[in-house]
file coords-v9.csv (CSV, C-alpha atoms)
chain,number,residue,atom,x,y,z
A,1,MET,CA,-29.7,37.5,13.2
A,2,ARG,CA,-27.7,34.6,11.7
A,3,GLY,CA,-27.6,31.3,13.5
A,4,ALA,CA,-24.6,29.7,15.1
A,5,ILE,CA,-22.0,28.3,12.9
A,6,PRO,CA,-21.0,24.6,13.0
A,7,LEU,CA,-18.6,23.0,15.4
A,8,VAL,CA,-16.3,20.5,13.7
A,9,VAL,CA,-14.8,17.8,16.0
A,10,VAL,CA,-11.8,16.0,14.4
A,11,ARG,CA,-11.1,13.8,17.5
A,12,PRO,CA,-11.2,10.0,16.8
A,13,ASP,CA,-13.6,7.6,18.5
A,14,PRO,CA,-14.5,6.8,21.2
A,15,GLY,CA,-13.6,10.2,22.6
A,16,GLY,CA,-14.8,11.9,19.5
A,17,ALA,CA,-18.3,10.5,19.8
A,18,GLN,CA,-18.5,11.5,23.4
A,19,THR,CA,-17.5,15.1,22.6
A,20,VAL,CA,-20.1,15.2,19.8
A,21,GLU,CA,-22.8,13.9,22.2
A,22,ARG,CA,-21.9,16.6,24.8
A,23,ALA,CA,-21.9,19.3,22.2
A,24,ALA,CA,-25.2,18.2,20.8
A,25,ALA,CA,-26.7,18.3,24.3
A,26,MET,CA,-25.6,21.9,24.5
A,27,GLY,CA,-27.6,22.7,21.3
A,28,LEU,CA,-24.5,23.1,19.1
A,29,ASP,CA,-24.6,22.3,15.4
A,30,VAL,CA,-21.8,19.7,15.8
A,31,ARG,CA,-20.2,17.6,13.0
A,32,HIS,CA,-17.9,14.7,13.6
A,33,MET,CA,-15.1,14.6,11.1
A,34,PRO,CA,-12.5,12.3,12.6
A,35,LEU,CA,-9.0,12.6,11.0
A,36,PHE,CA,-7.5,9.6,12.9
A,37,ALA,CA,-8.5,6.1,14.0
A,38,ALA,CA,-7.1,4.2,17.0
A,39,HIS,CA,-6.2,0.5,16.9
A,40,PRO,CA,-4.5,-1.9,19.3
A,41,LEU,CA,-0.8,-3.0,19.0
A,42,ASP,CA,0.7,-6.3,19.9
A,43,TRP,CA,2.4,-6.1,23.3
A,44,THR,CA,3.6,-8.3,26.1
A,45,PRO,CA,2.9,-7.2,29.7
A,46,PRO,CA,6.0,-6.7,31.8
A,47,ASP,CA,6.5,-8.2,35.2
A,48,PRO,CA,4.4,-6.0,37.5
A,49,ALA,CA,6.8,-6.7,40.4
A,50,ASP,CA,9.2,-4.4,38.5
A,51,PHE,CA,7.0,-1.4,39.1
A,52,ASP,CA,5.4,0.7,41.9
A,53,ALA,CA,2.5,2.1,39.9
A,54,LEU,CA,0.8,2.2,36.5
A,55,MET,CA,0.3,5.6,34.7
A,56,LEU,CA,-2.5,6.1,32.1
A,57,THR,CA,-2.6,9.4,30.1
A,58,SER,CA,-5.3,8.3,27.7
A,59,ALA,CA,-8.5,6.3,27.9
A,60,GLN,CA,-7.4,4.6,24.6
A,61,ALA,CA,-4.7,2.6,26.5
A,62,PRO,CA,-7.0,0.6,28.8
A,63,ARG,CA,-9.7,0.3,26.1
A,64,LEU,CA,-7.3,-1.1,23.5
A,65,ALA,CA,-4.7,-3.0,25.6
A,66,GLY,CA,-6.6,-6.2,25.4
A,67,PRO,CA,-6.5,-9.1,27.8
A,68,GLY,CA,-2.8,-8.5,28.7
A,69,ILE,CA,-3.8,-5.6,30.9
A,70,ALA,CA,-5.2,-8.1,33.5
A,71,ALA,CA,-1.6,-9.0,34.4
A,72,LEU,CA,-1.2,-5.5,35.8
A,73,ALA,CA,-4.4,-5.4,37.9
A,74,GLY,CA,-2.4,-5.5,41.1
A,75,LEU,CA,-0.6,-2.1,40.5
A,76,PRO,CA,-2.1,1.1,41.8
A,77,VAL,CA,-3.3,3.1,38.8
A,78,PHE,CA,-3.0,6.9,38.3
A,79,ALA,CA,-5.3,8.2,35.6
A,80,VAL,CA,-5.0,11.5,33.9
A,81,GLY,CA,-8.7,12.3,34.0
A,82,ASP,CA,-12.2,11.0,34.7
A,83,ALA,CA,-12.7,9.4,31.3
A,84,THR,CA,-9.4,7.5,31.6
A,85,ALA,CA,-10.2,6.4,35.1
A,86,ALA,CA,-13.6,5.1,33.9
A,87,ALA,CA,-11.9,3.1,31.1
A,88,ALA,CA,-9.3,1.8,33.5
A,89,ARG,CA,-12.0,0.5,35.9
A,90,ALA,CA,-13.9,-1.1,33.0
A,91,ALA,CA,-10.7,-3.0,32.2
A,92,GLY,CA,-10.5,-4.3,35.7
A,93,LEU,CA,-8.0,-2.0,37.1
A,94,ALA,CA,-8.1,-0.3,40.6
A,95,VAL,CA,-7.7,3.5,40.2
A,96,THR,CA,-5.8,5.0,43.1
A,97,ALA,CA,-5.9,8.7,42.0
A,98,ILE,CA,-7.2,10.9,39.2
A,99,GLY,CA,-4.8,13.6,37.9
A,100,PRO,CA,-5.3,17.2,36.9
A,101,GLY,CA,-5.9,16.5,33.2
A,102,ASP,CA,-2.4,16.7,31.8
A,103,GLY,CA,0.3,14.0,31.7
A,104,GLN,CA,3.1,16.0,33.3
A,105,GLY,CA,0.9,17.0,36.2
A,106,LEU,CA,-0.1,13.4,36.7
A,107,LEU,CA,3.5,12.3,36.7
A,108,ASP,CA,4.5,15.0,39.1
A,109,ALA,CA,1.7,13.9,41.5
A,110,MET,CA,3.1,10.3,41.3
A,111,THR,CA,6.7,11.2,42.0
A,112,SER,CA,5.7,13.5,44.8
A,113,GLN,CA,4.2,10.4,46.5
A,114,ASN,CA,7.5,8.5,46.0
A,115,PHE,CA,6.4,6.3,43.2
A,116,THR,CA,9.7,5.9,41.4
A,117,ARG,CA,9.2,2.9,39.2
A,118,ILE,CA,6.4,3.8,36.9
A,119,LEU,CA,4.9,1.8,34.0
A,120,TRP,CA,3.2,4.0,31.4
A,121,LEU,CA,0.8,2.3,29.0
A,122,CYS,CA,0.7,4.7,26.1
A,123,GLY,CA,0.3,5.2,22.4
A,124,ARG,CA,3.0,4.6,19.8
A,125,GLU,CA,3.2,8.4,19.3
A,126,ARG,CA,3.4,10.0,22.7
A,127,SER,CA,4.5,13.1,24.6
A,128,SER,CA,7.8,13.5,26.4
A,129,PHE,CA,7.7,14.1,30.1
A,130,ASP,CA,10.2,15.1,32.8
A,131,ALA,CA,10.3,12.1,35.1
A,132,ARG,CA,11.8,14.1,37.9
A,133,GLY,CA,14.4,11.3,38.6
A,134,ALA,CA,11.9,8.5,38.5
A,135,ALA,CA,12.2,5.5,36.2
A,136,LEU,CA,9.4,5.9,33.7
A,137,THR,CA,8.9,2.9,31.3
A,138,ALA,CA,6.7,3.5,28.3
A,139,ARG,CA,4.9,0.5,26.9
A,140,PRO,CA,2.9,1.3,23.7
A,141,VAL,CA,-0.3,-0.6,23.5
A,142,TYR,CA,-2.2,1.3,20.8
A,143,ALA,CA,-1.6,3.6,17.8
A,144,VAL,CA,-3.6,6.4,16.3
A,145,ASP,CA,-3.2,6.7,12.5
A,146,PRO,CA,-4.5,9.2,10.0
A,147,VAL,CA,-7.6,8.3,7.9
A,148,ASP,CA,-9.1,10.1,5.0
A,149,PRO,CA,-11.6,12.9,6.0
A,150,PRO,CA,-15.3,12.0,5.6
A,151,ALA,CA,-17.0,12.9,2.3
A,152,GLU,CA,-18.6,16.0,3.7
A,153,TRP,CA,-15.3,17.5,4.8
A,154,SER,CA,-14.6,19.7,1.8
A,155,ALA,CA,-18.0,21.3,1.7
A,156,LEU,CA,-18.0,21.8,5.5
A,157,VAL,CA,-14.6,23.6,5.7
A,158,ALA,CA,-15.4,25.8,2.7
A,159,GLY,CA,-17.7,27.9,5.0
A,160,PRO,CA,-17.4,29.4,8.5
A,161,ALA,CA,-16.9,26.9,11.2
A,162,VAL,CA,-15.2,26.4,14.6
A,163,MET,CA,-12.5,23.7,14.3
A,164,MET,CA,-11.9,21.8,17.6
A,165,VAL,CA,-8.6,20.0,18.1
A,166,HIS,CA,-7.7,17.8,21.1
A,167,SER,CA,-4.0,17.4,20.3
A,168,SER,CA,-1.0,18.9,18.6
A,169,ARG,CA,-0.9,16.1,16.1
A,170,ALA,CA,-4.5,16.7,15.2
A,171,ALA,CA,-3.9,20.4,14.9
A,172,ALA,CA,-0.9,19.9,12.5
A,173,ARG,CA,-3.0,17.6,10.3
A,174,LEU,CA,-5.9,20.0,10.3
A,175,SER,CA,-3.5,22.7,9.2
A,176,ASP,CA,-2.2,20.6,6.3
A,177,LEU,CA,-5.7,19.6,5.1
A,178,VAL,CA,-7.1,23.1,5.3
A,179,GLY,CA,-4.1,24.8,3.7
A,180,PRO,CA,-3.6,28.5,3.6
A,181,GLU,CA,-7.3,29.4,2.9
A,182,ARG,CA,-8.4,29.5,6.5
A,183,LYS,CA,-9.5,33.1,7.2
A,184,HIS,CA,-13.1,31.9,7.5
A,185,LEU,CA,-12.3,29.2,10.1
A,186,THR,CA,-11.9,29.6,13.8
A,187,LEU,CA,-9.5,27.3,15.7
A,188,LEU,CA,-10.3,26.0,19.2
A,189,ALA,CA,-7.2,24.3,20.6
A,190,ILE,CA,-6.9,22.1,23.8
A,191,SER,CA,-3.5,23.8,24.6
A,192,ALA,CA,-1.0,26.4,23.5
A,193,ALA,CA,1.1,23.7,22.0
A,194,ALA,CA,-1.8,22.5,19.8
A,195,ALA,CA,-2.5,26.1,18.8
A,196,ASP,CA,1.2,26.5,17.8
A,197,ALA,CA,1.0,23.3,15.7
A,198,ALA,CA,-2.0,24.6,13.8
A,199,GLY,CA,-0.1,27.7,12.7
A,200,ALA,CA,-1.4,31.2,11.9
A,201,GLY,CA,-4.0,32.7,9.6
A,202,TRP,CA,-7.3,31.6,11.3
A,203,ALA,CA,-10.2,33.9,11.5
A,204,GLY,CA,-10.0,33.5,15.3
A,205,LEU,CA,-8.1,31.5,17.9
A,206,ALA,CA,-9.1,30.2,21.3
A,207,ILE,CA,-7.1,28.1,23.7
A,208,SER,CA,-9.1,26.1,26.3
A,209,PRO,CA,-8.4,27.3,29.9
A,210,ARG,CA,-8.2,23.6,30.9
A,211,PRO,CA,-7.3,20.5,28.9
A,212,ASP,CA,-10.7,18.8,29.2
A,213,ASP,CA,-14.0,18.6,27.2
A,214,ALA,CA,-16.1,20.7,29.6
A,215,ALA,CA,-13.8,23.7,29.2
A,216,MET,CA,-13.4,23.2,25.5
A,217,LEU,CA,-17.1,23.0,24.9
A,218,ALA,CA,-17.8,26.1,27.0
A,219,GLU,CA,-15.4,27.9,24.7
A,220,ALA,CA,-17.0,26.3,21.6
A,221,HIS,CA,-20.4,27.4,22.6
A,222,ALA,CA,-19.3,31.0,22.8
A,223,LEU,CA,-17.3,30.9,19.6
A,224,CYS,CA,-20.0,29.3,17.5
A,225,HIS,CA,-22.5,32.0,18.5
A,226,LYS,CA,-20.0,34.8,18.3
A,227,ARG,CA,-19.0,33.9,14.8
A,228,GLY,CA,-22.6,33.2,13.8

call {"tool": "encode", "arguments": {"input": "coords-v9.csv", "output": "structure tokens"}}
result
Amino acid sequence: MRGAIPLVVVRPDPGGAQTVERAAAMGLDVRHMPLFAAHPLDWTPPDPADFDALMLTSAQAPRLAGPGIAALAGLPVFAVGDATAAAARAAGLAVTAIGPGDGQGLLDAMTSQNFTRILWLCGRERSSFDARGAALTARPVYAVDPVDPPAEWSALVAGPAVMMVHSSRAAARLSDLVGPERKHLTLLAISAAAADAAGAGWAGLAISPRPDDAAMLAEAHALCHKRG
């Protein structure tokens, strides 16, 4: 019987390193091939008195916001998931609630509790949400830009592998880098939108049942052994 095929994680650090660590603990042959790198942006904190709450949809925001985030410490914080909540607490913020793992669900939870003036610390490239009549103010504090793939990239994607993508942007870049010769590669996407961004022609396609690492890695384990 052939062994399991590699799992390729293209997620940037620090989240990418955490995904790789979890995958390795599951016994997977995991390779970290980040296609992006995050960096802070210059920004000025707004007056917290203008807002009812702070929304965080990525752990990158509190990690990279710098000392300016201290000015917002008095606002109740709604974090999209556990990792974002942990990063917010490490930055000195008080987390009021942790959401269901997706930004729209988090925003819906906030508006259902009558938070109508919401400050969103986010990335330069970000999703669009339906604010349900609330005033949602986006303040970019970081950016995630493409970087060249690691030297081992070409050899790794020349053979069978499971390609794990955590965003639509990553899926689109993966598709561009791999090109049309992808019938030996299996795509594991965090969402249907990410799968759509990657296009067709993969050897296999799986969409995580939930937008979190635990669900994705459970799928990855099955795929790596199924294709192996």

call {"tool": "closest_residue", "arguments": {"input": "coords-v9.csv", "among": "A:Gly199, A:Pro45, A:Gly204, A:Gly16", "to": "A:Thr186", "atoms": "all atoms listed in the file"}}
result
A:Gly204

call {"tool": "closest_residue", "arguments": {"input": "coords-v9.csv", "among": "A:Trp120, A:Trp202, A:Phe36, A:Tyr142", "to": "A:Arg63", "atoms": "only C-alpha atoms"}}
result
A:Tyr142

call {"tool": "closest_atom_pairs", "arguments": {"input": "coords-v9.csv", "of": "stretch 7-104 of chain A", "to": "stretch 112-115 of chain A", "cutoff": "9 Å", "atoms": "only C-alpha atoms", "output": "tab-separated table"}}
result
residue	atom	partner	partner_atom	distance
A:Phe51	CA	A:Phe115	CA	8.7
A:Asp52	CA	A:Phe115	CA	5.8
A:Ala53	CA	A:Phe115	CA	6.6

call {"tool": "closest_residue", "arguments": {"input": "coords-v9.csv", "among": "A:Ala197, A:Val162, A:Ala97, A:Leu188", "to": "A:Ala85", "atoms": "only C-alpha atoms"}}
result
A:Ala97

call {"tool": "residues_near_point", "arguments": {"input": "coords-v9.csv", "point": "(7.6, 4.2, 31.8)", "cutoff": "9 Å", "atoms": "all atoms listed in the file", "output": "PyMOL selection string"}}
result
chain A and resi 54-55+117-122+131+135-139

call {"tool": "closest_residue", "arguments": {"input": "coords-v9.csv", "among": "A:Val20, A:Leu56, A:Leu205, A:Val30", "to": "A:Ile98", "atoms": "only C-alpha atoms"}}
result
A:Leu56

call {"tool": "residues_around", "arguments": {"input": "coords-v9.csv", "residues": "A:Pro209", "least_positions_apart": "6", "cutoff": "9 Å", "atoms": "all atoms listed in the file", "output": "ChimeraX atom specification"}}
result
/A:190-191,215-216,219

call {"tool": "atom_distance", "arguments": {"input": "coords-v9.csv", "atom1": "atom CA of A:Glu152", "atom2": "atom CA of A:Asp196"}}
result
26.5 Å

call {"tool": "residues_around", "arguments": {"input": "coords-v9.csv", "residues": "A:Pro149", "least_positions_apart": "4", "cutoff": "7 Å", "atoms": "all atoms listed in the file", "output": "list in words"}}
result
Met33, Pro34, Leu35 and Trp153 of chain A

call {"tool": "closest_residue", "arguments": {"input": "coords-v9.csv", "among": "A:Ala171, A:Val165, A:Leu177, A:Ala158", "to": "A:Asp212", "atoms": "all atoms listed in the file"}}
result
A:Val165

call {"tool": "closest_residue", "arguments": {"input": "coords-v9.csv", "among": "A:Ala195, A:Leu93, A:Ala161, A:Val8", "to": "A:Arg182", "atoms": "all atoms listed in the file"}}
result
A:Ala161

call {"tool": "atom_distance", "arguments": {"input": "coords-v9.csv", "atom1": "atom CA of A:Ala24", "atom2": "atom CA of A:Pro160"}}
result
18.4 Å

call {"tool": "residues_near_point", "arguments": {"input": "coords-v9.csv", "point": "(-2.1, 31.2, 3.1)", "cutoff": "12 Å", "atoms": "only C-alpha atoms", "output": "PyMOL selection string"}}
result
chain A and resi 175-176+178-184+199-203

call {"tool": "atom_distance", "arguments": {"input": "coords-v9.csv", "atom1": "atom CA of A:Gly74", "atom2": "atom CA of A:Trp43"}}
result
18.4 Å

call {"tool": "decode", "arguments": {"input": "coords-v9.csv", "residues": "stretch 196-208 of chain A", "atoms": "N, CA and C atoms", "output": "short mmCIF file (atom, residue, chain, number, x, y, z; two decimals), in the first residue's frame"}}
result
data_model
loop_
_atom_site.label_atom_id
_atom_site.label_comp_id
_atom_site.auth_asym_id
_atom_site.auth_seq_id
_atom_site.Cartn_x
_atom_site.Cartn_y
_atom_site.Cartn_z
N ASP A 196 -14.55 28.04 -5.63
CA ASP A 196 -14.88 28.69 -6.90
C ASP A 196 -13.69 29.49 -7.43
N ALA A 197 -13.00 30.17 -6.52
CA ALA A 197 -11.86 31.00 -6.93
C ALA A 197 -10.72 30.16 -7.48
N ALA A 198 -10.63 28.91 -7.07
CA ALA A 198 -9.56 28.03 -7.54
C ALA A 198 -9.84 27.44 -8.91
N GLY A 199 -11.09 27.51 -9.35
CA GLY A 199 -11.42 26.98 -10.66
C GLY A 199 -11.55 25.47 -10.68
N ALA A 200 -11.66 24.92 -11.88
CA ALA A 200 -11.89 23.49 -12.06
C ALA A 200 -10.62 22.78 -12.50
N GLY A 201 -10.76 21.45 -12.67
CA GLY A 201 -9.67 20.66 -13.22
C GLY A 201 -8.81 19.92 -12.21
N TRP A 202 -9.15 20.00 -10.93
CA TRP A 202 -8.37 19.32 -9.89
C TRP A 202 -8.70 17.83 -9.87
N ALA A 203 -7.78 17.05 -9.34
CA ALA A 203 -8.02 15.61 -9.22
C ALA A 203 -9.18 15.33 -8.28
N GLY A 204 -9.33 16.17 -7.28
CA GLY A 204 -10.42 16.04 -6.33
C GLY A 204 -10.67 17.39 -5.69
N LEU A 205 -11.84 17.55 -5.12
CA LEU A 205 -12.21 18.81 -4.48
C LEU A 205 -12.98 18.51 -3.21
N ALA A 206 -12.58 19.15 -2.11
CA ALA A 206 -13.31 19.05 -0.85
C ALA A 206 -13.48 20.44 -0.28
N ILE A 207 -14.66 20.70 0.28
CA ILE A 207 -14.94 21.97 0.94
C ILE A 207 -15.18 21.67 2.42
N SER A 208 -14.48 22.39 3.27
CA SER A 208 -14.59 22.15 4.71
C SER A 208 -16.03 22.38 5.18
#
